[in-house]
>>> print(open('data_4.cif').read())   # mmCIF, C-alpha atoms and all ligand atoms
data_work
loop_
_atom_site.group_PDB
_atom_site.id
_atom_site.type_symbol
_atom_site.label_atom_id
_atom_site.label_comp_id
_atom_site.auth_asym_id
_atom_site.auth_seq_id
_atom_site.Cartn_x
_atom_site.Cartn_y
_atom_site.Cartn_z
ATOM 1 C CA MET A 1 -13.871 17.827 7.971
ATOM 2 C CA GLY A 2 -10.963 15.464 8.467
ATOM 3 C CA VAL A 3 -7.445 16.266 7.397
ATOM 4 C CA ARG A 4 -6.481 14.827 4.043
ATOM 5 C CA THR A 5 -3.086 13.190 3.790
ATOM 6 C CA HIS A 6 -1.665 12.792 0.326
ATOM 7 C CA LEU A 7 0.197 9.574 -0.335
ATOM 8 C CA ARG A 8 2.375 8.770 -3.296
ATOM 9 C CA THR A 9 3.236 5.346 -4.722
ATOM 10 C CA GLU A 10 3.696 3.367 -7.907
ATOM 11 C CA ALA A 11 0.709 1.157 -8.785
ATOM 12 C CA ILE A 12 -0.779 -1.202 -11.372
ATOM 13 C CA VAL A 13 -4.467 -1.097 -12.335
ATOM 14 C CA LEU A 14 -6.263 -4.376 -11.580
ATOM 15 C CA ARG A 15 -9.795 -3.404 -12.635
ATOM 16 C CA ARG A 16 -12.098 -0.479 -13.136
ATOM 17 C CA THR A 17 -15.864 -0.023 -12.998
ATOM 18 C CA ASP A 18 -18.157 2.893 -13.814
ATOM 19 C CA HIS A 19 -19.591 4.712 -10.823
ATOM 20 C CA GLY A 20 -22.468 7.130 -11.295
ATOM 21 C CA GLU A 21 -22.352 9.310 -14.375
ATOM 22 C CA SER A 22 -18.845 10.659 -14.190
ATOM 23 C CA ASP A 23 -16.653 8.590 -11.846
ATOM 24 C CA TRP A 24 -14.694 5.367 -11.888
ATOM 25 C CA ILE A 25 -14.024 2.994 -9.027
ATOM 26 C CA VAL A 26 -10.514 1.630 -9.622
ATOM 27 C CA THR A 27 -8.808 -1.275 -7.872
ATOM 28 C CA LEU A 28 -5.021 -0.979 -7.889
ATOM 29 C CA PHE A 29 -2.124 -2.958 -6.505
ATOM 30 C CA THR A 30 0.383 -0.479 -5.121
ATOM 31 C CA ARG A 31 4.065 -0.988 -4.436
ATOM 32 C CA ASP A 32 3.886 0.438 -0.912
ATOM 33 C CA PHE A 33 0.329 -0.007 0.388
ATOM 34 C CA GLY A 34 -0.839 -3.280 -1.177
ATOM 35 C CA LYS A 35 -4.254 -3.391 -2.796
ATOM 36 C CA ILE A 36 -6.385 -0.266 -2.620
ATOM 37 C CA LYS A 37 -9.738 0.689 -4.056
ATOM 38 C CA GLY A 38 -10.201 4.311 -5.050
ATOM 39 C CA ILE A 39 -12.650 6.663 -6.648
ATOM 40 C CA ALA A 40 -11.518 8.757 -9.617
ATOM 41 C CA LYS A 41 -13.906 11.715 -9.440
ATOM 42 C CA GLY A 42 -14.973 13.104 -12.795
ATOM 43 C CA ALA A 43 -12.622 10.785 -14.681
ATOM 44 C CA ARG A 44 -15.253 9.733 -17.212
ATOM 45 C CA ARG A 45 -16.433 13.265 -17.911
ATOM 46 C CA SER A 46 -13.018 14.837 -18.355
ATOM 47 C CA ARG A 47 -10.277 12.529 -19.594
ATOM 48 C CA ARG A 48 -7.599 15.148 -19.078
ATOM 49 C CA ARG A 49 -6.939 14.587 -15.391
ATOM 50 C CA PHE A 50 -6.110 10.897 -15.565
ATOM 51 C CA ALA A 51 -5.620 10.588 -19.351
ATOM 52 C CA ASN A 52 -5.197 6.859 -20.095
ATOM 53 C CA THR A 53 -3.355 6.061 -16.855
ATOM 54 C CA LEU A 54 -6.314 4.125 -15.421
ATOM 55 C CA ASP A 55 -6.564 1.563 -18.220
ATOM 56 C CA ASP A 56 -6.374 -2.126 -17.303
ATOM 57 C CA PHE A 57 -2.896 -3.300 -16.135
ATOM 58 C CA CYS A 58 -1.395 0.154 -16.699
ATOM 59 C CA CYS A 59 1.579 0.994 -14.420
ATOM 60 C CA LEU A 60 1.431 4.527 -13.000
ATOM 61 C CA ASN A 61 2.733 6.944 -10.414
ATOM 62 C CA LEU A 62 -0.229 7.697 -8.198
ATOM 63 C CA ILE A 63 -1.128 10.324 -5.644
ATOM 64 C CA PHE A 64 -4.146 9.481 -3.509
ATOM 65 C CA SER A 65 -5.704 10.650 -0.278
ATOM 66 C CA GLN A 66 -7.637 9.099 2.551
ATOM 67 C CA ARG A 67 -10.501 10.825 4.299
ATOM 68 C CA GLY A 68 -11.736 9.334 7.524
ATOM 69 C CA ARG A 69 -11.602 5.617 8.154
ATOM 70 C CA GLY A 70 -13.429 4.280 5.095
ATOM 71 C CA SER A 71 -11.540 1.912 2.843
ATOM 72 C CA LEU A 72 -12.294 3.836 -0.361
ATOM 73 C CA VAL A 73 -9.482 6.297 -1.156
ATOM 74 C CA PHE A 74 -9.580 9.331 -3.438
ATOM 75 C CA LEU A 75 -7.406 9.204 -6.533
ATOM 76 C CA GLU A 76 -5.950 12.686 -6.908
ATOM 77 C CA SER A 77 -3.597 12.490 -9.876
ATOM 78 C CA SER A 78 -1.472 10.057 -11.834
ATOM 79 C CA ASP A 79 1.090 9.829 -14.555
ATOM 80 C CA ILE A 80 2.142 6.907 -16.716
ATOM 81 C CA VAL A 81 5.149 4.759 -15.888
ATOM 82 C CA GLU A 82 4.350 2.098 -18.517
ATOM 83 C CA HIS A 83 1.190 1.694 -20.568
ATOM 84 C CA PHE A 84 2.238 -1.711 -22.006
ATOM 85 C CA GLY A 85 1.144 -0.805 -25.513
ATOM 86 C CA GLU A 86 2.542 -3.969 -27.115
ATOM 87 C CA ILE A 87 0.342 -6.129 -24.896
ATOM 88 C CA ARG A 88 -2.769 -4.209 -25.985
ATOM 89 C CA LEU A 89 -2.042 -4.869 -29.679
ATOM 90 C CA CYS A 90 -2.388 -8.647 -29.254
ATOM 91 C CA VAL A 91 -5.522 -10.517 -28.138
ATOM 92 C CA GLU A 92 -3.597 -13.398 -26.553
ATOM 93 C CA LYS A 93 -1.195 -11.098 -24.677
ATOM 94 C CA THR A 94 -4.138 -9.030 -23.429
ATOM 95 C CA ALA A 95 -5.897 -12.200 -22.235
ATOM 96 C CA LEU A 96 -2.738 -13.359 -20.459
ATOM 97 C CA ALA A 97 -2.199 -9.949 -18.798
ATOM 98 C CA SER A 98 -5.839 -10.026 -17.659
ATOM 99 C CA TYR A 99 -5.204 -13.426 -16.093
ATOM 100 C CA LEU A 100 -2.060 -12.162 -14.281
ATOM 101 C CA VAL A 101 -3.955 -9.259 -12.689
ATOM 102 C CA GLU A 102 -7.092 -11.291 -11.912
ATOM 103 C CA LEU A 103 -5.038 -13.983 -10.181
ATOM 104 C CA LEU A 104 -3.256 -11.396 -8.032
ATOM 105 C CA ASP A 105 -6.578 -9.692 -7.268
ATOM 106 C CA ALA A 106 -8.106 -13.009 -6.160
ATOM 107 C CA PHE A 107 -5.216 -13.782 -3.769
ATOM 108 C CA THR A 108 -4.823 -10.396 -2.089
ATOM 109 C CA PRO A 109 -6.802 -8.664 0.647
ATOM 110 C CA GLU A 110 -6.994 -4.868 0.646
ATOM 111 C CA GLY A 111 -4.399 -2.871 2.533
ATOM 112 C CA LYS A 112 -1.700 -5.527 2.969
ATOM 113 C CA PRO A 113 1.600 -4.393 1.405
ATOM 114 C CA ASN A 114 3.566 -7.051 -0.485
ATOM 115 C CA ARG A 115 6.528 -5.620 -2.375
ATOM 116 C CA GLU A 116 7.616 -8.992 -3.772
ATOM 117 C CA LEU A 117 4.180 -9.558 -5.260
ATOM 118 C CA TYR A 118 4.171 -6.075 -6.781
ATOM 119 C CA GLU A 119 7.568 -6.621 -8.407
ATOM 120 C CA THR A 120 6.401 -10.027 -9.670
ATOM 121 C CA LEU A 121 3.372 -8.602 -11.486
ATOM 122 C CA ARG A 122 5.375 -5.683 -12.845
ATOM 123 C CA GLY A 123 8.218 -7.954 -13.996
ATOM 124 C CA PHE A 124 5.888 -10.322 -15.858
ATOM 125 C CA LEU A 125 4.013 -7.476 -17.574
ATOM 126 C CA ILE A 126 7.370 -6.108 -18.751
ATOM 127 C CA LEU A 127 8.341 -9.570 -20.123
ATOM 128 C CA LEU A 128 5.024 -9.956 -21.878
ATOM 129 C CA ASN A 129 5.214 -6.471 -23.359
ATOM 130 C CA ALA A 130 8.747 -7.182 -24.609
ATOM 131 C CA GLY A 131 7.489 -10.202 -26.562
ATOM 132 C CA ALA A 132 8.643 -13.096 -24.341
ATOM 133 C CA PRO A 133 7.334 -16.528 -25.452
ATOM 134 C CA MET A 134 3.951 -16.859 -23.797
ATOM 135 C CA GLY A 135 3.544 -20.634 -23.532
ATOM 136 C CA ASN A 136 4.862 -21.090 -19.995
ATOM 137 C CA LEU A 137 4.741 -17.567 -18.573
ATOM 138 C CA ALA A 138 1.446 -18.227 -16.774
ATOM 139 C CA ARG A 139 2.957 -21.277 -14.984
ATOM 140 C CA PHE A 140 6.067 -19.381 -13.863
ATOM 141 C CA TYR A 141 3.868 -16.500 -12.683
ATOM 142 C CA GLU A 142 1.543 -18.840 -10.773
ATOM 143 C CA ILE A 143 4.383 -20.505 -8.846
ATOM 144 C CA ARG A 144 5.957 -17.133 -7.950
ATOM 145 C CA LEU A 145 2.653 -15.581 -6.951
ATOM 146 C CA LEU A 146 1.826 -18.577 -4.730
ATOM 147 C CA ALA A 147 5.239 -18.273 -3.045
ATOM 148 C CA ALA A 148 4.866 -14.498 -2.556
ATOM 149 C CA CYS A 149 1.403 -15.010 -0.999
ATOM 150 C CA GLY A 150 2.579 -17.727 1.406
ATOM 151 C CA TYR A 151 1.045 -20.695 -0.473
ATOM 152 C CA ASP A 152 4.292 -22.121 -1.802
ATOM 153 C CA PRO A 153 3.514 -25.770 -2.691
ATOM 154 C CA ALA A 154 5.952 -28.442 -1.420
ATOM 155 C CA LEU A 155 7.679 -29.888 -4.500
ATOM 156 C CA ASP A 156 10.978 -31.308 -3.212
ATOM 157 C CA ARG A 157 9.847 -32.627 0.172
ATOM 158 C CA CYS A 158 6.772 -34.340 1.550
ATOM 159 C CA ALA A 159 4.098 -31.768 2.456
ATOM 160 C CA ARG A 160 3.164 -33.785 5.548
ATOM 161 C CA CYS A 161 6.360 -35.173 7.083
ATOM 162 C CA GLY A 162 9.055 -33.121 5.354
ATOM 163 C CA THR A 163 10.993 -36.120 3.976
ATOM 164 C CA THR A 164 13.106 -35.032 1.044
ATOM 165 C CA MET A 165 11.667 -36.112 -2.296
ATOM 166 C CA ALA A 166 14.433 -34.675 -4.445
ATOM 167 C CA SER A 167 15.613 -38.112 -5.584
ATOM 168 C CA ALA A 168 12.277 -39.970 -5.664
ATOM 169 C CA PRO A 169 11.713 -41.550 -9.101
ATOM 170 C CA SER A 170 8.234 -40.060 -9.343
ATOM 171 C CA LEU A 171 6.051 -37.661 -7.377
ATOM 172 C CA VAL A 172 2.369 -37.489 -6.525
ATOM 173 C CA PHE A 173 0.808 -34.082 -5.945
ATOM 174 C CA HIS A 174 -2.145 -33.587 -3.595
ATOM 175 C CA ALA A 175 -3.667 -30.114 -3.761
ATOM 176 C CA ALA A 176 -5.515 -30.485 -0.453
ATOM 177 C CA GLU A 177 -2.208 -31.362 1.294
ATOM 178 C CA GLY A 178 -0.322 -28.441 -0.211
ATOM 179 C CA GLY A 179 2.210 -30.388 -2.290
ATOM 180 C CA VAL A 180 3.750 -33.764 -3.014
ATOM 181 C CA LEU A 181 3.540 -36.627 -0.504
ATOM 182 C CA CYS A 182 5.997 -39.425 0.275
ATOM 183 C CA PRO A 183 4.729 -43.051 -0.094
ATOM 184 C CA ALA A 184 4.275 -43.367 3.707
ATOM 185 C CA CYS A 185 2.025 -40.292 3.865
ATOM 186 C CA LEU A 186 -0.141 -41.023 0.786
ATOM 187 C CA PRO A 187 -3.761 -40.967 1.948
ATOM 188 C CA ALA A 188 -6.382 -43.546 1.077
ATOM 189 C CA GLY A 189 -9.018 -42.180 -1.245
ATOM 190 C CA PRO A 190 -8.684 -40.283 -4.484
ATOM 191 C CA PRO A 191 -5.237 -40.545 -6.066
ATOM 192 C CA GLY A 192 -3.166 -37.399 -6.513
ATOM 193 C CA LEU A 193 -1.778 -36.021 -9.746
ATOM 194 C CA PRO A 194 1.447 -37.444 -11.199
ATOM 195 C CA LEU A 195 4.343 -35.005 -11.327
ATOM 196 C CA SER A 196 7.701 -35.797 -12.901
ATOM 197 C CA GLN A 197 10.968 -34.693 -11.275
ATOM 198 C CA GLY A 198 11.672 -32.624 -14.381
ATOM 199 C CA ALA A 199 8.480 -30.615 -13.956
ATOM 200 C CA ALA A 200 9.026 -30.140 -10.210
ATOM 201 C CA LYS A 201 12.638 -29.013 -10.684
ATOM 202 C CA THR A 202 11.683 -26.562 -13.428
ATOM 203 C CA LEU A 203 9.064 -24.961 -11.177
ATOM 204 C CA LEU A 204 11.561 -24.715 -8.305
ATOM 205 C CA LEU A 205 14.026 -23.038 -10.643
ATOM 206 C CA ALA A 206 11.323 -20.703 -11.997
ATOM 207 C CA LYS A 207 10.780 -19.496 -8.434
ATOM 208 C CA ARG A 208 14.441 -18.608 -7.903
ATOM 209 C CA LEU A 209 15.585 -17.101 -11.197
ATOM 210 C CA PRO A 210 15.464 -13.326 -11.728
ATOM 211 C CA ILE A 211 12.285 -12.660 -13.751
ATOM 212 C CA PRO A 212 14.078 -11.466 -16.948
ATOM 213 C CA ARG A 213 15.971 -14.787 -17.076
ATOM 214 C CA LEU A 214 12.785 -16.862 -17.145
ATOM 215 C CA VAL A 215 12.731 -16.544 -20.942
ATOM 216 C CA SER A 216 15.620 -19.025 -21.040
ATOM 217 C CA LEU A 217 13.597 -21.634 -19.131
ATOM 218 C CA SER A 218 11.487 -24.051 -21.150
ATOM 219 C CA LEU A 219 9.092 -26.898 -20.472
ATOM 220 C CA THR A 220 8.719 -30.015 -22.608
ATOM 221 C CA PRO A 221 5.152 -30.696 -23.813
ATOM 222 C CA GLN A 222 4.798 -33.295 -21.037
ATOM 223 C CA THR A 223 6.097 -31.107 -18.192
ATOM 224 C CA ALA A 224 3.989 -28.224 -19.533
ATOM 225 C CA ARG A 225 0.862 -30.398 -19.240
ATOM 226 C CA GLU A 226 1.786 -31.619 -15.750
ATOM 227 C CA THR A 227 2.542 -28.155 -14.370
ATOM 228 C CA GLU A 228 -0.625 -26.690 -15.906
ATOM 229 C CA GLU A 229 -2.644 -29.451 -14.303
ATOM 230 C CA ILE A 230 -1.171 -29.366 -10.780
ATOM 231 C CA LEU A 231 -1.003 -25.570 -10.515
ATOM 232 C CA GLY A 232 -4.513 -25.215 -11.985
ATOM 233 C CA VAL A 233 -5.957 -27.713 -9.500
ATOM 234 C CA PHE A 234 -3.989 -26.154 -6.607
ATOM 235 C CA VAL A 235 -5.099 -22.588 -7.417
ATOM 236 C CA ASN A 236 -8.731 -23.701 -7.796
ATOM 237 C CA HIS A 237 -8.492 -25.566 -4.495
ATOM 238 C CA LEU A 238 -7.177 -22.438 -2.711
ATOM 239 C CA LEU A 239 -9.668 -20.045 -4.341
ATOM 240 C CA GLY A 240 -12.636 -22.405 -4.465
ATOM 241 C CA ARG A 241 -13.319 -21.454 -8.100
ATOM 242 C CA GLU A 242 -11.767 -21.135 -11.529
ATOM 243 C CA LEU A 243 -11.009 -17.624 -12.766
ATOM 244 C CA LEU A 244 -12.955 -16.380 -15.770
ATOM 245 C CA SER A 245 -9.829 -14.883 -17.367
ATOM 246 C CA LEU A 246 -8.137 -18.328 -17.389
ATOM 247 C CA GLN A 247 -11.100 -19.820 -19.271
ATOM 248 C CA VAL A 248 -10.938 -16.946 -21.783
ATOM 249 C CA LEU A 249 -7.177 -17.448 -22.228
ATOM 250 C CA ARG A 250 -7.688 -21.166 -22.911
ATOM 251 C CA GLN A 251 -10.408 -20.466 -25.486
ATOM 252 C CA ILE A 252 -8.242 -17.922 -27.311
ATOM 253 C CA ARG A 253 -5.313 -20.368 -27.428
ATOM 254 C CA GLN A 254 -7.546 -23.200 -28.672
ATOM 255 C CA PHE A 255 -8.974 -20.886 -31.326
ATOM 256 C CA SER A 256 -5.513 -19.899 -32.560
ATOM 257 C CA ILE A 257 -4.404 -23.585 -32.667
ATOM 258 C CA ASP A 258 -7.539 -24.502 -34.672
ATOM 259 C CA THR A 259 -7.062 -21.569 -37.044
ATOM 260 C CA SER A 260 -3.403 -22.359 -37.719
ATOM 261 C CA ARG A 261 -4.326 -26.028 -38.417
ATOM 262 C CA LYS A 262 -6.981 -24.951 -40.893
ATOM 263 C CA ASN A 263 -4.557 -22.663 -42.654
ATOM 264 C CA LYS A 264 -1.958 -25.378 -43.206
HETATM 265 ZN ZN ZN B 301 5.614 -37.933 4.227
#
>>> encode(input="data_4.cif", output="structure tokens")
Amino acid sequence: MGVRTHLRTEAIVLRRTDHGESDWIVTLFTRDFGKIKGIAKGARRSRRRFANTLDDFCCLNLIFSQRGRGSLVFLESSDIVEHFGEIRLCVEKTALASYLVELLDAFTPEGKPNRELYETLRGFLILLNAGAPMGNLARFYEIRLLAACGYDPALDRCARCGTTMASAPSLVFHAAEGGVLCPACLPAGPPGLPLSQGAAKTLLLAKRLPIPRLVSLSLTPQTARETEEILGVFVNHLLGRELLSLQVLRQIRQFSIDTSRKNK
């Protein structure tokens, strides 16, 4: 039998599935080891060992061990850092938190540490739990996640030739090119998406500000539409699909708009 090394880190639960009659397979994003997938033996039969620490998007202190060279680790014990109870009380907050973790899951391979990405997810869950306005949080999270994963879109310079675009009257975004293009580099073929300077500058600022200060940043209805469109198209282009949790979030928001109209 191989020697078991116990490792300790802080982690956030990305998803969990049943395994056999008594176990869970849990995917977590850890502060120090990146994404890991682990088995929680007996967790479904006896809730005492892990209590509610393995709930979706829960933040926990984790001890796990690796046996041999397989990628599946063994979850040994855990205790709660933050359960994010306020998020769980609200359907829209829960849907948004599910989108934050699913997006991170989709962009990360297993076993590649990324401290900035960990702090980004943790920081946004804290904001959401504290009741920050939700309208633009997903956009600010998307731009920061893309930057932390190395897919930072070019918004103030041409993605092809690097010409500064900071004073151009208007911008055109091409997802396949990785950002905005200057007039000389615009390709023939399908037009890109229009992006105003206001929208581009807000996204650049959203990338730089400390996460708690993002609550002071707002988008006009027009810049909100533009940023949702370009980031949505860019993320879908990179992933090759649209995430289910984003569709759910949109449906919940539409439902709450319809309901509030009816009630007026
Ligand atoms: Zn150019």
>>> residues_around(input="data_4.cif", residues="Met165 in chain A", least_positions_apart="4", cutoff="8 Å", atoms="all atoms listed in the file", output="count of residues only")
6
>>> residues_near_ligand(input="data_4.cif", ligand="ligand ZN 301 (chain B)", cutoff="10 Å", atoms="all atoms listed in the file", output="ChimeraX atom specification")
/A:157-165,180-186
>>> resolve_selection(input="data_4.cif", expression="the PyMOL selection byres (((chain A and resi 74-77) around 12) and not hetatm)", output="NGL selection string")
:A and (4-11 or 23-28 or 36-43 or 47-54 or 60-68 or 70-73 or 78-80)
>>> write_last_selection(input="data_4.cif", atoms="C-alpha atoms", output="mmCIF file, in the coordinates of the input")
data_model
loop_
_atom_site.group_PDB
_atom_site.id
_atom_site.type_symbol
_atom_site.label_atom_id
_atom_site.label_comp_id
_atom_site.auth_asym_id
_atom_site.auth_seq_id
_atom_site.Cartn_x
_atom_site.Cartn_y
_atom_site.Cartn_z
ATOM 1 C CA ARG A 4 -6.481 14.827 4.043
ATOM 2 C CA THR A 5 -3.086 13.190 3.790
ATOM 3 C CA HIS A 6 -1.665 12.792 0.326
ATOM 4 C CA LEU A 7 0.197 9.574 -0.335
ATOM 5 C CA ARG A 8 2.375 8.770 -3.296
ATOM 6 C CA THR A 9 3.236 5.346 -4.722
ATOM 7 C CA GLU A 10 3.696 3.367 -7.907
ATOM 8 C CA ALA A 11 0.709 1.157 -8.785
ATOM 9 C CA ASP A 23 -16.653 8.590 -11.846
ATOM 10 C CA TRP A 24 -14.694 5.367 -11.888
ATOM 11 C CA ILE A 25 -14.024 2.994 -9.027
ATOM 12 C CA VAL A 26 -10.514 1.630 -9.622
ATOM 13 C CA THR A 27 -8.808 -1.275 -7.872
ATOM 14 C CA LEU A 28 -5.021 -0.979 -7.889
ATOM 15 C CA ILE A 36 -6.385 -0.266 -2.620
ATOM 16 C CA LYS A 37 -9.738 0.689 -4.056
ATOM 17 C CA GLY A 38 -10.201 4.311 -5.050
ATOM 18 C CA ILE A 39 -12.650 6.663 -6.648
ATOM 19 C CA ALA A 40 -11.518 8.757 -9.617
ATOM 20 C CA LYS A 41 -13.906 11.715 -9.440
ATOM 21 C CA GLY A 42 -14.973 13.104 -12.795
ATOM 22 C CA ALA A 43 -12.622 10.785 -14.681
ATOM 23 C CA ARG A 47 -10.277 12.529 -19.594
ATOM 24 C CA ARG A 48 -7.599 15.148 -19.078
ATOM 25 C CA ARG A 49 -6.939 14.587 -15.391
ATOM 26 C CA PHE A 50 -6.110 10.897 -15.565
ATOM 27 C CA ALA A 51 -5.620 10.588 -19.351
ATOM 28 C CA ASN A 52 -5.197 6.859 -20.095
ATOM 29 C CA THR A 53 -3.355 6.061 -16.855
ATOM 30 C CA LEU A 54 -6.314 4.125 -15.421
ATOM 31 C CA LEU A 60 1.431 4.527 -13.000
ATOM 32 C CA ASN A 61 2.733 6.944 -10.414
ATOM 33 C CA LEU A 62 -0.229 7.697 -8.198
ATOM 34 C CA ILE A 63 -1.128 10.324 -5.644
ATOM 35 C CA PHE A 64 -4.146 9.481 -3.509
ATOM 36 C CA SER A 65 -5.704 10.650 -0.278
ATOM 37 C CA GLN A 66 -7.637 9.099 2.551
ATOM 38 C CA ARG A 67 -10.501 10.825 4.299
ATOM 39 C CA GLY A 68 -11.736 9.334 7.524
ATOM 40 C CA GLY A 70 -13.429 4.280 5.095
ATOM 41 C CA SER A 71 -11.540 1.912 2.843
ATOM 42 C CA LEU A 72 -12.294 3.836 -0.361
ATOM 43 C CA VAL A 73 -9.482 6.297 -1.156
ATOM 44 C CA SER A 78 -1.472 10.057 -11.834
ATOM 45 C CA ASP A 79 1.090 9.829 -14.555
ATOM 46 C CA ILE A 80 2.142 6.907 -16.716
#
>>> atom_distance(input="data_4.cif", atom1="CA of Thr17 in chain A", atom2="CA of Phe107 in chain A")
19.7 Å
>>> resolve_selection(input="data_4.cif", expression="the PyMOL selection byres (((chain A and resi 194) around 9) and not hetatm)", output="ChimeraX atom specification")
/A:170-173,191-193,195-196,226,230
>>> residues_around(input="data_4.cif", residues="range 134-151 of chain A", least_positions_apart="3", cutoff="7 Å", atoms="only C-alpha atoms", output="JSON, numbers by chain")
{"A": [116, 117, 203, 206, 207, 227, 228]}
>>> atom_distance(input="data_4.cif", atom1="CA of Leu249 in chain A", atom2="CA of Ser98 in chain A")
8.8 Å
>>> atom_distance(input="data_4.cif", atom1="CA of Glu102 in chain A", atom2="CA of Glu82 in chain A")
18.8 Å
>>> residues_around(input="data_4.cif", residues="Ile12 in chain A", least_positions_apart="5", cutoff="6 Å", atoms="all atoms listed in the file", output="VMD selection string")
chain A and resid 28 to 29 57 to 59
>>> resolve_selection(input="data_4.cif", expression="the PyMOL selection byres (((chain A and resi 114) around 8) and not hetatm)", output="ChimeraX atom specification")
/A:31-34,112-113,115-118,148
>>> residues_around(input="data_4.cif", residues="range 86-92 of chain A", least_positions_apart="4", cutoff="8 Å", atoms="all atoms listed in the file", output="PyMOL selection string")
chain A and resi 96-97+128-131+249+252-253
>>> residues_near_point(input="data_4.cif", point="(-23.2, 11.1, -12.6)", cutoff="10 Å", atoms="only C-alpha atoms", output="list in words")
Asp18, His19, Gly20, Glu21, Ser22, Asp23, Lys41, Gly42, Arg44 and Arg45 of chain A
>>> axis_aligned_box(input="data_4.cif", around="range 230-236 of chain A", padding_each_side="8 Å", output="JSON")
{"center_x": -4.9, "center_y": -26.0, "center_z": -9.3, "size_x": 23.7, "size_y": 22.8, "size_z": 21.4}
>>> closest_residue(input="data_4.cif", among="A:Ala166, A:Glu177, A:Leu104, A:Ser46", to="Leu14 in chain A", atoms="only C-alpha atoms")
A:Leu104
>>> closest_residue(input="data_4.cif", among="A:Asp258, A:Asp152, A:Ala199, A:Gly123", to="Ser218 in chain A", atoms="only C-alpha atoms")
A:Ala199
